[in-house]
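S.K.: Provided herewith is a single structure, encoded as structure tokens, for subsequent inquiry.
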Amino acid sequence: MSALEPGSFLAELTPAEREDLEARGRVREFARGDTLFTEGEQPGWVAVLLRGRVKAFSYHEQGGEALLAVRGPGALLGEVAAIDGEPRSATVKALEPVRALALTVDEFMSFLQAHGRVSIIIMRILCQRWRDADRKRVEFGMFDATGRVAQRLVELAERFGVPHRTGTGEESVRITLNLSQEELAGWVGASREAVSKALRTLRRHGWIETGRRRLIVHDLQALRRHAR
């Protein structure tokens with residue numbers, strides 16, 4: 001199992017709760033690009049990520065994707081549709097090879113009934129997601145594309161960054177999650193051209209470095225200041 005994201009669903013479970021959860025489910029493997037859930041479908045199962053990362057998104061009516069979130073190891077997926085019985089609100093695809101613990105809706109609900117404390121954990125996670133969605137809506141009205149790109153790069157560096165030592169000896173942050181410019185554009189609500197221009201601006205300041213499937217942040221504090 002990969003290192004769990006701090007604060008994720010699985011990270012918040014006790015060893016006994018985790019053991020019971022694993023006993024009720026089964027492990028499934030997904031290749032990069034595989035679809036776990038499809039927007040609009042009826043919920044049949046929920047997933048807990050054990051390894052790998054996924055993206056949740058909706059399709060624009062005019063084409064393209066609106067990226068809603070990126071989830072990593074420990075995340076619970078599909079729980080809202082399982083709880084309220086409504087069709088899925090987003091499509092979820094693997095950004096890299098994924099291993100997930102799969103439970104049917106009935107198995108998941110039985111687990112919640114057996115562990116009342118876990119329902120509080122889910123409520124807290126959902127509240128965090130709603131707050132994050134509200135914050136991003138505010139960002140759309142307050143910041144231009146460059147500011148929104150800077151905000152998402154800060155988030156990626158904090159969640160998926162590892163230390164990277166440069167040739168000058170300075171320590172930077174390498175973002176280990178590879179998002180395309182199209183995916184980043186869908187996340188910040190801008191065109192690919194606007195995102196490309198924003199990345200050029202950030203490179204010109206010397207705050208980031210980009211290459212083929214590589215993104216290094218050289219000045220995280222400068223990105224944070226620009227994203228305020």
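Each chain in the structure tokens gets a letter, A, B, ..., in the order shown, and its residues are numbered from 1; ligands are numbered from 1 in order too.
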Using only C-alpha atoms, determine which residues lie at most 9 Å from A:Arg174, disregarding the query and same-chain residues fewer than 5 positions distant; provide the list as a list of chain:residue names.

M.R.: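 Non-adjacent residues within range: A:Ala157, A:Phe160, A:Gly161, A:Val162, A:Pro163, A:His164, A:Arg214, A:Leu215, A:Ile216, A:Val217, A:His218.
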
S.K.: Only C-alpha atoms, please: the residues just picked out, written as a PDB file, in the first residue's frame.

M.R.:
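Final file, out09.pdb:
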ATOM      1  CA  ALA A 157       3.373  20.914  -4.534  1.00  0.00           C
ATOM      2  CA  PHE A 160       2.272  15.607  -4.290  1.00  0.00           C
ATOM      3  CA  GLY A 161       5.656  17.306  -4.011  1.00  0.00           C
ATOM      4  CA  VAL A 162       8.999  15.726  -3.142  1.00  0.00           C
ATOM      5  CA  PRO A 163      12.302  17.508  -2.454  1.00  0.00           C
ATOM      6  CA  HIS A 164      14.396  18.152  -5.551  1.00  0.00           C
ATOM      7  CA  ARG A 214       8.109  17.231 -15.371  1.00  0.00           C
ATOM      8  CA  LEU A 215       7.178  20.201 -13.218  1.00  0.00           C
ATOM      9  CA  ILE A 216       9.540  21.623 -10.602  1.00  0.00           C
ATOM     10  CA  VAL A 217       8.692  24.491  -8.261  1.00  0.00           C
ATOM     11  CA  HIS A 218      11.775  26.562  -7.434  1.00  0.00           C
TER      12      HIS A 218
END

S.K.: Please identify all polymer residues within 12 Å of stretch 130-134 of chain A, counting only C-alpha atoms, omitting same-chain residues fewer than 5 positions from it, and present them as an NGL selection string.

M.R.: :A and (67-69 or 123-125 or 139-141 or 155 or 187)

S.K.: So which one's closest to A:Ala185, A:Arg159, A:Arg32, A:Arg212, A:Arg152? Using only C-alpha atoms, please.

M.R.: A:Arg152

S.K.: Could you name the residues that touch A:Gly186 at 8 Å or less, counting only C-alpha atoms, but leaving out those on the same chain fewer than 3 positions away, as a short mmCIF file (atom, residue, chain, number, x, y, z; two decimals) with all heavy atoms, in the first residue's frame?

M.R.:
data_model
loop_
_atom_site.label_atom_id
_atom_site.label_comp_id
_atom_site.auth_asym_id
_atom_site.auth_seq_id
_atom_site.Cartn_x
_atom_site.Cartn_y
_atom_site.Cartn_z
N GLY A 64 -14.77 19.05 -23.69
CA GLY A 64 -13.70 19.24 -22.72
C GLY A 64 -14.13 18.83 -21.32
O GLY A 64 -15.30 18.56 -21.06
N GLU A 65 -13.15 18.79 -20.42
CA GLU A 65 -13.38 18.35 -19.06
C GLU A 65 -13.26 19.50 -18.08
O GLU A 65 -12.40 20.36 -18.23
CB GLU A 65 -12.36 17.27 -18.66
CG GLU A 65 -12.40 16.02 -19.51
CD GLU A 65 -11.29 15.05 -19.13
OE1 GLU A 65 -10.53 15.36 -18.18
OE2 GLU A 65 -11.17 14.00 -19.78
N ALA A 66 -14.11 19.50 -17.07
CA ALA A 66 -13.97 20.39 -15.92
C ALA A 66 -13.45 19.52 -14.78
O ALA A 66 -14.19 18.72 -14.21
CB ALA A 66 -15.30 21.02 -15.55
N LEU A 67 -12.17 19.65 -14.47
CA LEU A 67 -11.56 18.82 -13.45
C LEU A 67 -12.02 19.32 -12.08
O LEU A 67 -11.86 20.50 -11.76
CB LEU A 67 -10.03 18.87 -13.56
CG LEU A 67 -9.28 17.71 -12.90
CD1 LEU A 67 -7.92 17.50 -13.55
CD2 LEU A 67 -9.08 17.97 -11.41
N GLU A 182 -4.15 20.43 -20.65
CA GLU A 182 -5.61 20.37 -20.80
C GLU A 182 -6.28 20.10 -19.46
O GLU A 182 -7.31 20.71 -19.13
CB GLU A 182 -6.00 19.30 -21.81
CG GLU A 182 -5.68 19.64 -23.26
CD GLU A 182 -4.25 19.29 -23.64
OE1 GLU A 182 -3.50 18.83 -22.76
OE2 GLU A 182 -3.87 19.50 -24.80
N GLU A 183 -5.71 19.17 -18.68
CA GLU A 183 -6.29 18.85 -17.38
C GLU A 183 -6.15 20.02 -16.41
O GLU A 183 -7.08 20.34 -15.66
CB GLU A 183 -5.62 17.59 -16.81
CG GLU A 183 -6.01 16.32 -17.55
CD GLU A 183 -5.14 15.14 -17.19
OE1 GLU A 183 -3.96 15.34 -16.85
OE2 GLU A 183 -5.64 14.00 -17.28
N GLY A 189 -10.43 26.38 -14.82
CA GLY A 189 -11.50 27.04 -15.56
C GLY A 189 -11.00 28.05 -16.57
O GLY A 189 -11.53 29.16 -16.67
N ALA A 190 -9.97 27.67 -17.31
CA ALA A 190 -9.39 28.56 -18.32
C ALA A 190 -9.09 27.75 -19.57
O ALA A 190 -9.11 26.51 -19.55
CB ALA A 190 -8.12 29.23 -17.80
N SER A 191 -8.79 28.44 -20.66
CA SER A 191 -8.43 27.74 -21.88
C SER A 191 -7.01 27.21 -21.78
O SER A 191 -6.22 27.66 -20.95
CB SER A 191 -8.52 28.69 -23.08
OG SER A 191 -7.53 29.71 -22.98
#

S.K.: Set the distance at 9 Å and use only C-alpha atoms: which residues neighbour stretch 111-120 of chain A once local chain neighbours fewer than 3 positions away are removed? I'd like the list as an NGL selection string.

M.R.: :A and (9 or 12-13 or 17 or 20-21 or 24 or 106-108 or 123-125)

S.K.: Would you save the residues of that selection, restricted to C-alpha atoms, as an mmCIF file, in the first residue's frame?

M.R.:
data_model
loop_
_atom_site.group_PDB
_atom_site.id
_atom_site.type_symbol
_atom_site.label_atom_id
_atom_site.label_comp_id
_atom_site.auth_asym_id
_atom_site.auth_seq_id
_atom_site.Cartn_x
_atom_site.Cartn_y
_atom_site.Cartn_z
ATOM 1 C CA PHE A 9 -10.541 8.457 4.904
ATOM 2 C CA GLU A 12 -8.442 8.271 9.863
ATOM 3 C CA LEU A 13 -9.589 4.695 10.539
ATOM 4 C CA GLU A 17 -11.918 -0.458 11.530
ATOM 5 C CA ASP A 20 -13.076 -4.914 9.099
ATOM 6 C CA LEU A 21 -13.319 -2.720 6.006
ATOM 7 C CA ARG A 24 -15.756 -6.804 3.584
ATOM 8 C CA ASP A 106 -24.747 -2.821 0.755
ATOM 9 C CA GLU A 107 -21.328 -3.814 2.119
ATOM 10 C CA PHE A 108 -20.384 -0.174 2.591
ATOM 11 C CA MET A 123 -19.143 14.026 7.489
ATOM 12 C CA ARG A 124 -15.913 15.855 8.299
ATOM 13 C CA ILE A 125 -14.345 14.909 4.947
#

S.K.: For A:Asp219, please output as a list in words all residues within 7 Å (counting only C-alpha atoms; exclusion window: fewer than 3 positions along the same chain).

M.R.: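 Here the answer would be Trp207, Ile208, Ala222 and Leu223 of chain A.
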
S.K.: Restricting the calculation to only C-alpha atoms, which member of A:Gln128, A:Gln181, A:Gln151, A:Thr166 is positioned closest to A:Leu220?

M.R.: A:Gln151

S.K.: As JSON, numbers by chain, list the residues of stretch 135-218 of chain A assigned to strand (DSSP E) by DSSP on the backbone atoms of this structure.

M.R.: {"A": [161, 162, 163, 164, 165, 171, 172, 173, 174, 175, 208, 209, 210, 211, 214, 215, 216, 217]}

S.K.: Could you check the closest approach to A:Leu126 for each of A:Ser196, A:Gly78, A:Leu50, A:Gly25 and tell me which residue wins, using only C-alpha atoms?

M.R.: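 Of all the options, A:Gly78 lies closest to A:Leu126.
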
S.K.: If you measure from atom CA of A:Leu179 to atom CA of A:Leu156, what distance in Å do you get, rounded to one decimal?

M.R.: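 Those two atoms sit 9.9 Å apart.
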
S.K.: Using only C-alpha atoms for the distances, tell me which of A:Thr201, A:Asn178, A:Gln221, A:Gln42 is nearest to A:Lys55.

M.R.: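 Smallest separation from A:Lys55 among the options: A:Asn178.
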
S.K.: Using only C-alpha atoms, which residue out of A:Thr91, A:Thr210, A:Thr146, A:Ser58 lies closest to A:Ser180?

M.R.: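 With only C-alpha atoms as the atom set, the closest residue is A:Thr210.
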